[in-house]
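J.: This is the content of structure39.txt (compact mmCIF, C-alpha atoms):
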# COMPACT_ATOMS: atom_id res chain seq x y z
CA MET A 175 14.67 -12.36 71.18
CA GLU A 176 12.56 -9.31 70.26
CA GLU A 177 14.56 -7.17 72.65
CA PHE A 178 17.77 -8.35 71.00
CA GLU A 179 16.32 -7.61 67.56
CA GLU A 180 15.51 -4.09 68.73
CA GLU A 181 19.11 -3.71 69.92
CA LEU A 182 20.25 -4.82 66.48
CA ARG A 183 18.01 -2.30 64.74
CA GLN A 184 19.52 0.47 66.84
CA ALA A 185 23.07 -0.81 66.39
CA PHE A 186 22.70 -1.21 62.63
CA GLU A 187 21.43 2.25 61.85
CA ARG A 188 22.85 3.65 58.65
CA ARG A 189 26.20 5.33 59.02
CA PRO A 190 26.66 8.72 57.40
CA ALA A 191 28.81 8.46 54.30
CA PRO A 192 32.18 10.23 54.45
CA PRO A 193 31.87 13.83 53.22
CA SER A 194 34.57 13.14 50.64
CA LEU A 195 32.57 10.35 48.99
CA LYS A 196 30.34 12.56 46.85
CA ARG A 197 33.20 14.90 45.88
CA ARG A 198 35.43 12.01 44.79
CA LEU A 199 32.54 10.35 43.01
CA MET A 200 31.79 13.50 41.03
CA GLU A 201 35.47 13.86 40.14
CA ARG A 202 35.59 10.27 38.89
CA ARG A 203 32.36 10.84 36.98
CA ARG A 204 33.77 13.92 35.23
CA THR A 205 37.08 12.36 34.23
CA PRO A 206 36.92 10.14 31.17
CA ARG A 207 37.22 6.55 32.12
CA PRO A 208 40.62 5.08 31.33
CA ARG A 209 38.90 1.73 31.50
CA SER A 210 37.56 2.21 27.99
CA TYR A 211 41.15 2.34 26.70
CA THR A 212 41.85 -0.80 28.69
CA VAL A 213 38.90 -2.48 27.01
CA VAL A 214 40.17 -1.37 23.57
CA TRP A 215 43.63 -2.75 24.38
CA GLN A 216 42.13 -5.96 25.70
CA ARG A 217 40.11 -6.39 22.52
CA LEU A 218 43.12 -5.60 20.36
CA ALA A 219 45.24 -8.11 22.28
CA ALA A 220 42.49 -10.72 21.97
CA CYS A 221 42.32 -10.09 18.19
CA LEU A 222 46.10 -10.44 17.91
CA VAL A 223 46.12 -13.67 19.90
CA LEU A 224 43.28 -15.02 17.75
CA ALA A 225 45.04 -13.98 14.52
CA ALA A 226 48.29 -15.56 15.71
CA PHE A 227 46.45 -18.74 16.63
CA MET A 228 44.66 -18.93 13.29
CA GLY A 229 47.87 -18.11 11.39
CA SER A 230 49.85 -20.80 13.17
CA ALA A 231 46.98 -23.26 12.62
CA ALA A 232 47.05 -22.48 8.89
CA VAL A 233 50.85 -22.89 8.76
CA TRP A 234 50.64 -26.15 10.68
CA HIS A 235 47.91 -27.42 8.33
CA GLN A 236 50.00 -26.51 5.27
CA ARG A 237 53.10 -28.21 6.70
CA GLU A 238 51.08 -31.29 7.57
CA GLU A 239 49.77 -31.45 4.00
CA CYS A 240 53.35 -31.16 2.66
CA ARG A 241 54.53 -33.88 5.02
CA LYS A 242 51.72 -36.20 3.95
CA GLY A 243 52.50 -35.47 0.28
CA GLU A 244 56.20 -36.23 0.83
CA ALA A 245 55.32 -39.50 2.59
CA ALA A 246 52.99 -40.49 -0.28
CA ARG A 247 55.71 -39.67 -2.84
CA GLU A 248 58.21 -41.78 -0.90
CA GLN A 249 55.78 -44.69 -0.86
CA VAL A 250 55.16 -44.41 -4.62
CA LEU A 251 58.93 -44.34 -5.26
CA ILE A 252 59.45 -47.44 -3.08
CA ALA A 253 56.63 -49.20 -4.92
CA LEU A 254 58.19 -48.30 -8.29
CA ARG A 255 61.58 -49.49 -7.07
CA ILE A 256 60.08 -52.83 -5.94
CA THR A 257 58.23 -53.20 -9.25
CA GLY A 258 61.47 -52.41 -11.14
CA HIS A 259 63.33 -55.07 -9.19
CA ALA A 260 60.59 -57.63 -9.85
CA LEU A 261 60.58 -56.89 -13.59
CA ASN A 262 64.38 -57.14 -13.74
CA HIS A 263 64.19 -60.46 -11.95
CA MET A 264 61.56 -61.73 -14.40
CA ASN A 265 63.62 -60.57 -17.38
CA GLN A 266 66.68 -62.36 -16.04
CA GLN A 267 64.70 -65.59 -15.54
CA LEU A 268 63.19 -65.36 -19.05
CA ALA A 269 66.62 -64.73 -20.54
CA ALA A 270 68.05 -67.74 -18.65
CA ARG A 271 65.25 -70.06 -19.88
CA GLY A 272 65.78 -68.85 -23.47
CA ARG A 273 69.46 -69.76 -23.27
CA VAL A 274 68.64 -73.24 -21.93
CA ARG A 275 66.19 -73.99 -24.81
CA LYS A 276 68.75 -72.96 -27.41
CA MET B 163 8.51 0.83 28.30
CA ALA B 164 7.92 4.55 28.85
CA HIS B 165 8.18 5.97 32.36
CA ASP B 166 7.68 9.51 33.64
CA TRP B 167 10.21 9.42 36.44
CA GLN B 168 13.21 11.60 35.62
CA PRO B 169 16.19 10.54 37.75
CA ASP B 170 18.69 13.13 38.91
CA PHE B 171 22.05 11.52 39.58
CA GLU B 172 23.24 13.99 42.23
CA GLN B 173 19.95 13.77 44.07
CA LEU B 174 20.16 9.98 44.05
CA VAL B 175 23.69 10.17 45.45
CA ASP B 176 22.60 12.54 48.22
CA GLU B 177 19.64 10.37 49.05
CA HIS B 178 21.29 6.96 49.01
CA GLN B 179 25.00 7.41 49.72
CA SER B 180 24.54 6.64 53.40
CA MET B 181 22.66 3.42 52.60
CA VAL B 182 25.16 2.19 50.01
CA PHE B 183 28.16 3.12 52.16
CA SER B 184 26.69 1.46 55.27
CA LEU B 185 25.85 -1.75 53.42
CA ALA B 186 29.37 -1.96 52.00
CA LEU B 187 30.95 -1.06 55.34
CA ARG B 188 29.01 -3.69 57.27
CA MET B 189 29.67 -6.33 54.65
CA THR B 190 33.40 -5.67 54.25
CA GLY B 191 34.32 -4.12 57.59
CA ASP B 192 36.75 -1.83 55.77
CA ARG B 193 35.93 1.87 55.55
CA GLY B 194 38.28 2.59 52.64
CA LEU B 195 37.01 -0.38 50.66
CA ALA B 196 33.41 0.53 51.48
CA GLU B 197 33.94 4.04 50.09
CA GLU B 198 35.48 2.59 46.95
CA ILE B 199 32.57 0.17 46.53
CA ALA B 200 30.05 2.96 47.06
CA GLN B 201 31.75 5.05 44.35
CA ASP B 202 31.77 2.11 41.93
CA VAL B 203 28.10 1.39 42.64
CA PHE B 204 27.09 4.99 41.91
CA LEU B 205 29.23 5.13 38.76
CA GLU B 206 27.49 1.99 37.57
CA LEU B 207 24.15 3.60 38.40
CA ASP B 208 25.18 6.56 36.26
CA ARG B 209 25.68 4.24 33.28
CA TYR B 210 22.44 2.39 34.04
CA LEU B 211 20.37 5.48 34.82
CA GLY B 212 18.30 5.36 31.62
CA LYS B 213 16.87 2.00 32.61
CA ILE B 214 15.83 3.03 36.11
CA GLU B 215 12.07 3.40 36.17
CA SER B 216 11.23 4.76 39.61
CA ALA B 217 12.64 5.85 42.95
CA ASP B 218 11.86 2.41 44.38
CA HIS B 219 13.57 0.74 41.47
CA ALA B 220 16.65 2.92 42.09
CA ARG B 221 16.70 1.99 45.79
CA PHE B 222 16.26 -1.73 45.04
CA TRP B 223 18.93 -1.60 42.30
CA LEU B 224 21.41 0.22 44.55
CA ARG B 225 20.92 -2.28 47.40
CA ARG B 226 21.38 -5.25 45.10
CA VAL B 227 24.46 -3.88 43.36
CA ALA B 228 26.01 -2.73 46.66
CA MET B 229 25.59 -6.24 48.10
CA ASN B 230 26.97 -7.87 44.95
CA ARG B 231 29.97 -5.54 44.79
CA SER B 232 30.69 -6.10 48.48
CA ALA B 233 30.56 -9.88 48.01
CA ASP B 234 32.89 -9.57 45.00
CA ALA B 235 35.31 -7.44 47.01
CA LEU B 236 35.28 -9.95 49.88
CA ARG B 237 35.90 -12.81 47.50
CA ARG B 238 38.78 -10.93 45.88
CA ARG B 239 40.48 -9.96 49.06
CA ARG B 240 39.56 -13.08 51.03
CA VAL B 241 39.38 -10.93 54.09
CA ARG B 242 39.10 -12.15 57.60
CA CYS B 243 36.55 -9.82 59.05
CA LEU B 244 37.69 -9.76 62.62
CA ASP B 245 41.14 -8.65 61.52
CA LEU B 246 39.62 -6.01 59.36
CA TRP B 247 38.01 -4.27 62.28
CA VAL B 248 41.40 -4.11 63.93
CA GLU B 249 42.85 -2.90 60.63
CA MET B 250 40.12 -0.31 60.40
CA GLU B 251 41.03 1.26 63.68
CA ASP B 252 44.76 0.95 63.10
CA HIS B 253 45.12 2.09 59.52
CA HIS B 254 42.16 4.24 58.70
CA GLY B 255 42.16 6.11 61.95
CA ILE B 256 38.46 5.56 62.07
CA ARG B 257 36.30 7.00 64.72
CA VAL B 258 34.11 3.91 64.67
CA GLU B 259 31.10 6.10 65.18
CA GLU B 260 31.01 9.05 67.49
CA ARG B 261 27.34 8.67 68.20
CA ALA B 262 27.26 4.87 68.37
CA SER B 263 27.07 3.26 71.78
CA PRO B 264 29.81 0.81 72.83
CA LEU B 265 27.18 -1.92 72.63
CA ALA B 266 26.38 -1.01 69.03
CA ILE B 267 30.07 -0.98 68.14
CA ARG B 268 30.57 -4.38 69.74
CA LEU B 269 27.52 -5.80 67.94
CA GLU B 270 28.93 -4.56 64.64
CA GLN B 271 32.24 -6.20 65.40
CA LEU B 272 30.46 -9.46 66.21
CA LEU B 273 28.43 -9.17 63.02
CA ALA B 274 31.69 -9.08 61.08
CA THR B 275 32.58 -12.52 62.45
CA LEU B 276 29.47 -14.17 60.98
CA PRO B 277 29.55 -16.10 57.71
CA GLU B 278 28.97 -13.82 54.71
CA PRO B 279 25.45 -15.02 53.70
CA GLN B 280 24.17 -14.67 57.27
CA ARG B 281 25.78 -11.25 57.58
CA ALA B 282 24.15 -10.12 54.32
CA ALA B 283 20.73 -11.28 55.44
CA LEU B 284 21.06 -9.64 58.88
CA VAL B 285 22.34 -6.34 57.48
CA LEU B 286 19.44 -6.10 55.06
CA ARG B 287 16.97 -7.12 57.78
CA TYR B 288 18.11 -4.80 60.57
CA GLN B 289 19.82 -1.93 58.73
CA GLU B 290 17.38 -1.68 55.83
CA ASP B 291 14.37 -3.13 57.65
CA LEU B 292 13.53 -5.42 54.71
CA THR B 293 11.20 -8.39 54.90
CA PRO B 294 12.62 -11.86 54.15
CA GLU B 295 10.86 -11.73 50.75
CA GLU B 296 12.54 -8.42 49.91
CA ILE B 297 15.91 -9.77 51.08
CA ALA B 298 15.45 -12.83 48.86
CA ALA B 299 14.74 -10.56 45.89
CA THR B 300 17.74 -8.35 46.67
CA LEU B 301 20.16 -11.23 47.12
CA GLN B 302 18.54 -13.29 44.36
CA SER B 303 18.32 -16.25 46.73
CA PRO B 304 15.45 -18.62 47.53
CA LEU B 305 13.20 -17.39 50.33
CA ALA B 306 13.78 -20.53 52.41
CA THR B 307 17.55 -19.98 52.24
CA VAL B 308 17.20 -16.38 53.34
CA LYS B 309 14.94 -17.36 56.25
CA SER B 310 17.45 -19.99 57.30
CA HIS B 311 20.33 -17.49 57.11
CA LEU B 312 18.34 -14.99 59.17
CA GLN B 313 17.45 -17.53 61.81
CA ARG B 314 20.92 -19.03 62.10
CA GLY B 315 22.65 -15.67 61.91
CA LEU B 316 20.47 -14.18 64.61
CA LYS B 317 21.00 -17.19 66.85
CA LEU B 318 24.76 -17.14 66.35
CA LEU B 319 25.01 -13.39 66.86
CA ARG B 320 22.96 -13.62 70.02
CA ALA B 321 25.13 -16.40 71.39
CA LYS B 322 28.27 -14.42 70.62
CA ALA B 323 26.76 -11.26 72.11
CA GLN B 324 25.82 -13.06 75.33
CA CYS B 325 29.34 -14.38 75.69
CA HIS B 326 31.24 -11.22 74.71
CA LEU B 327 28.95 -8.63 76.20
CA LYS B 328 28.98 -10.27 79.62
CA GLU B 329 32.72 -9.87 79.51
CA TYR B 330 32.30 -6.27 78.35
CA ILE B 331 29.90 -5.46 81.18
CA ARG B 332 32.17 -7.14 83.74
CA VAL B 333 35.23 -5.14 82.58
CA LYS B 334 33.21 -1.95 82.58
CA GLU B 335 31.96 -2.59 86.11
CA GLN B 336 35.49 -3.36 87.30
CA ALA B 337 36.74 -0.14 85.66
CA SER B 338 34.03 1.97 87.30
CA GLY B 339 34.64 0.21 90.65
CA ALA B 340 38.35 1.03 90.49
Translate this file's structure into structure tokens.
T.:
Amino acid sequence: MEEFEEELRQAFERRPAPPSLKRRLMERRRTPRPRSYTVVWQRLAACLVLAAFMGSAAVWHQREECRKGEAAREQVLIALRITGHALNHMNQQLAARGRVRK
Amino acid sequence: MAHDWQPDFEQLVDEHQSMVFSLALRMTGDRGLAEEIAQDVFLELDRYLGKIESADHARFWLRRVAMNRSADALRRRRVRCLDLWVEMEDHHGIRVEERASPLAIRLEQLLATLPEPQRAALVLRYQEDLTPEEIAATLQSPLATVKSHLQRGLKLLRAKAQCHLKEYIRVKEQASGA
């Protein structure tokens, strides 16, 4: 096994880096990174998405409140209508009894 | 924490480019990708330079980041290593290594067929001559895991080498006989 490990050490010696590596690296280092613009755009897009989400949530909440209000108003109107009917009915019965007594 | 060591970026590149490139090359098996990884690693070093405290810290940091970037690149590209070596020779016109022996070239090709964690452990052990403890620190893995990867990787590579190199020797002998 030791002999094989020695073979491996020889086989896995470091390879020389391509001569162009340092030149390209220095070029990339000198040029301003376009990535920063990407990050700015990403942040801006994230802000827009968040604002749109919060805006639509607010609109939805407002609409939901309106819908609940409308439903409550409808229920009150129905209740008043039922009460009106009941009172009319009572009045009619009272009027009928009055006529009988006379 | 104050430290006296004043890093010089260009000097660090000169000193360590071969190490970073070789680690990336042996991990990915793709020369073009390895060069790209090496550039990214050094650009990251440039941004991180203020926090580097010593030459040893720089070497350790470069090894760790080179291994991480190589693993990320492999995950992204989901490469099949054996194919990559073929791709390397076909597309990059690579002279695999003028000075490398055919045996060394074949061993590198066989290394590329090992599972990624075993390959990482073996590369750091035999290219960088690190101890299992140092490999564990570089890969941020438990020592027992690293030892297991080293043992299994070595065993597997040896088995593959015995099988493939016998064939290589036989073909070579036949060629010289003819």
J.: When you look at Gln201 (chain B) with a cut-off of 12 Å (counting only C-alpha atoms), what residues show up, excluding the ones that are within fewer than 6 positions of it in the same chain? I need them as a list of chain:residue names.
T.: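 Once the nearby chain positions are removed, what remains is A:Ala191, A:Pro192, A:Ser194, A:Leu195, A:Lys196, A:Arg197, A:Arg198, A:Leu199, A:Met200, A:Glu201, A:Arg202, A:Arg203, B:Val175, B:His178, B:Gln179, B:Ser180, B:Val182, B:Phe183, B:Ala186, B:Gly194, B:Leu195, B:Leu207, B:Asp208, B:Leu224, B:Val227, B:Ala228, B:Arg231, B:Ser232.
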J.: Go through chain A and flag each residue having an atom no more than 6 Å from chain B; for those, report the closest pair of atoms plus their distance in Å to one decimal, using only C-alpha atoms, ordered by chain and rising number, as a Markdown table.
T.:
| residue | atom | partner | partner_atom | distance |
| --- | --- | --- | --- | --- |
| A:Arg183 | CA | B:Tyr288 | CA | 4.9 |
| A:Ala185 | CA | B:Ala266 | CA | 4.2 |
| A:Phe186 | CA | B:Gln289 | CA | 4.9 |
| A:Glu187 | CA | B:Gln289 | CA | 5.5 |
| A:Arg188 | CA | B:Ser184 | CA | 5.6 |
| A:Arg189 | CA | B:Ser184 | CA | 5.4 |
| A:Pro190 | CA | B:Ser180 | CA | 5.0 |
| A:Ala191 | CA | B:Ser180 | CA | 4.7 |
| A:Leu199 | CA | B:Gln201 | CA | 5.5 |
J.: Could you jot down the CA of Ser216 (chain B) to CA of Ala282 (chain B) separation for me, Å, one decimal place?
T.: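 A separation of 24.6 Å between them.
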J.: Using all atoms listed in the file, pick whichever of B:Gly315, B:Pro169, B:Pro304, B:Gly191 has the shortest atom-to-atom distance to His219 (chain B).
T.: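 So, comparing all the options, the nearest one is B:Pro169.
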J.: For a test of reading the model, state the distance in Å between CA of Leu305 (chain B) and CA of Asn230 (chain B), rounded to one decimal.
T.: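 The value is 17.6 Å.
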J.: Please write out, as JSON, where the centre of an axis-aligned box around all listed atoms of region 306-324 of chain B lies and how long its edges are, in Å to one decimal, after adding 6 Å on each side.
T.:
{"center_x": 21.0, "center_y": -15.9, "center_z": 63.8, "size_x": 26.5, "size_y": 21.3, "size_z": 35.1}
J.: When you draw a straight line from CA of Asp234 (chain B) to CA of Val203 (chain B), how long is it in Å?
T.: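 Result for CA of Asp234 (chain B) versus CA of Val203 (chain B): 12.2 Å, one decimal.
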J.: Measuring atom to atom with all atoms listed in the file, identify which of B:Ala298, B:Leu211, B:Leu272, B:Ala306 is nearest to Leu182 (chain A).
T.: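 Ranked by minimum distance to Leu182 (chain A), first place goes to B:Leu272.
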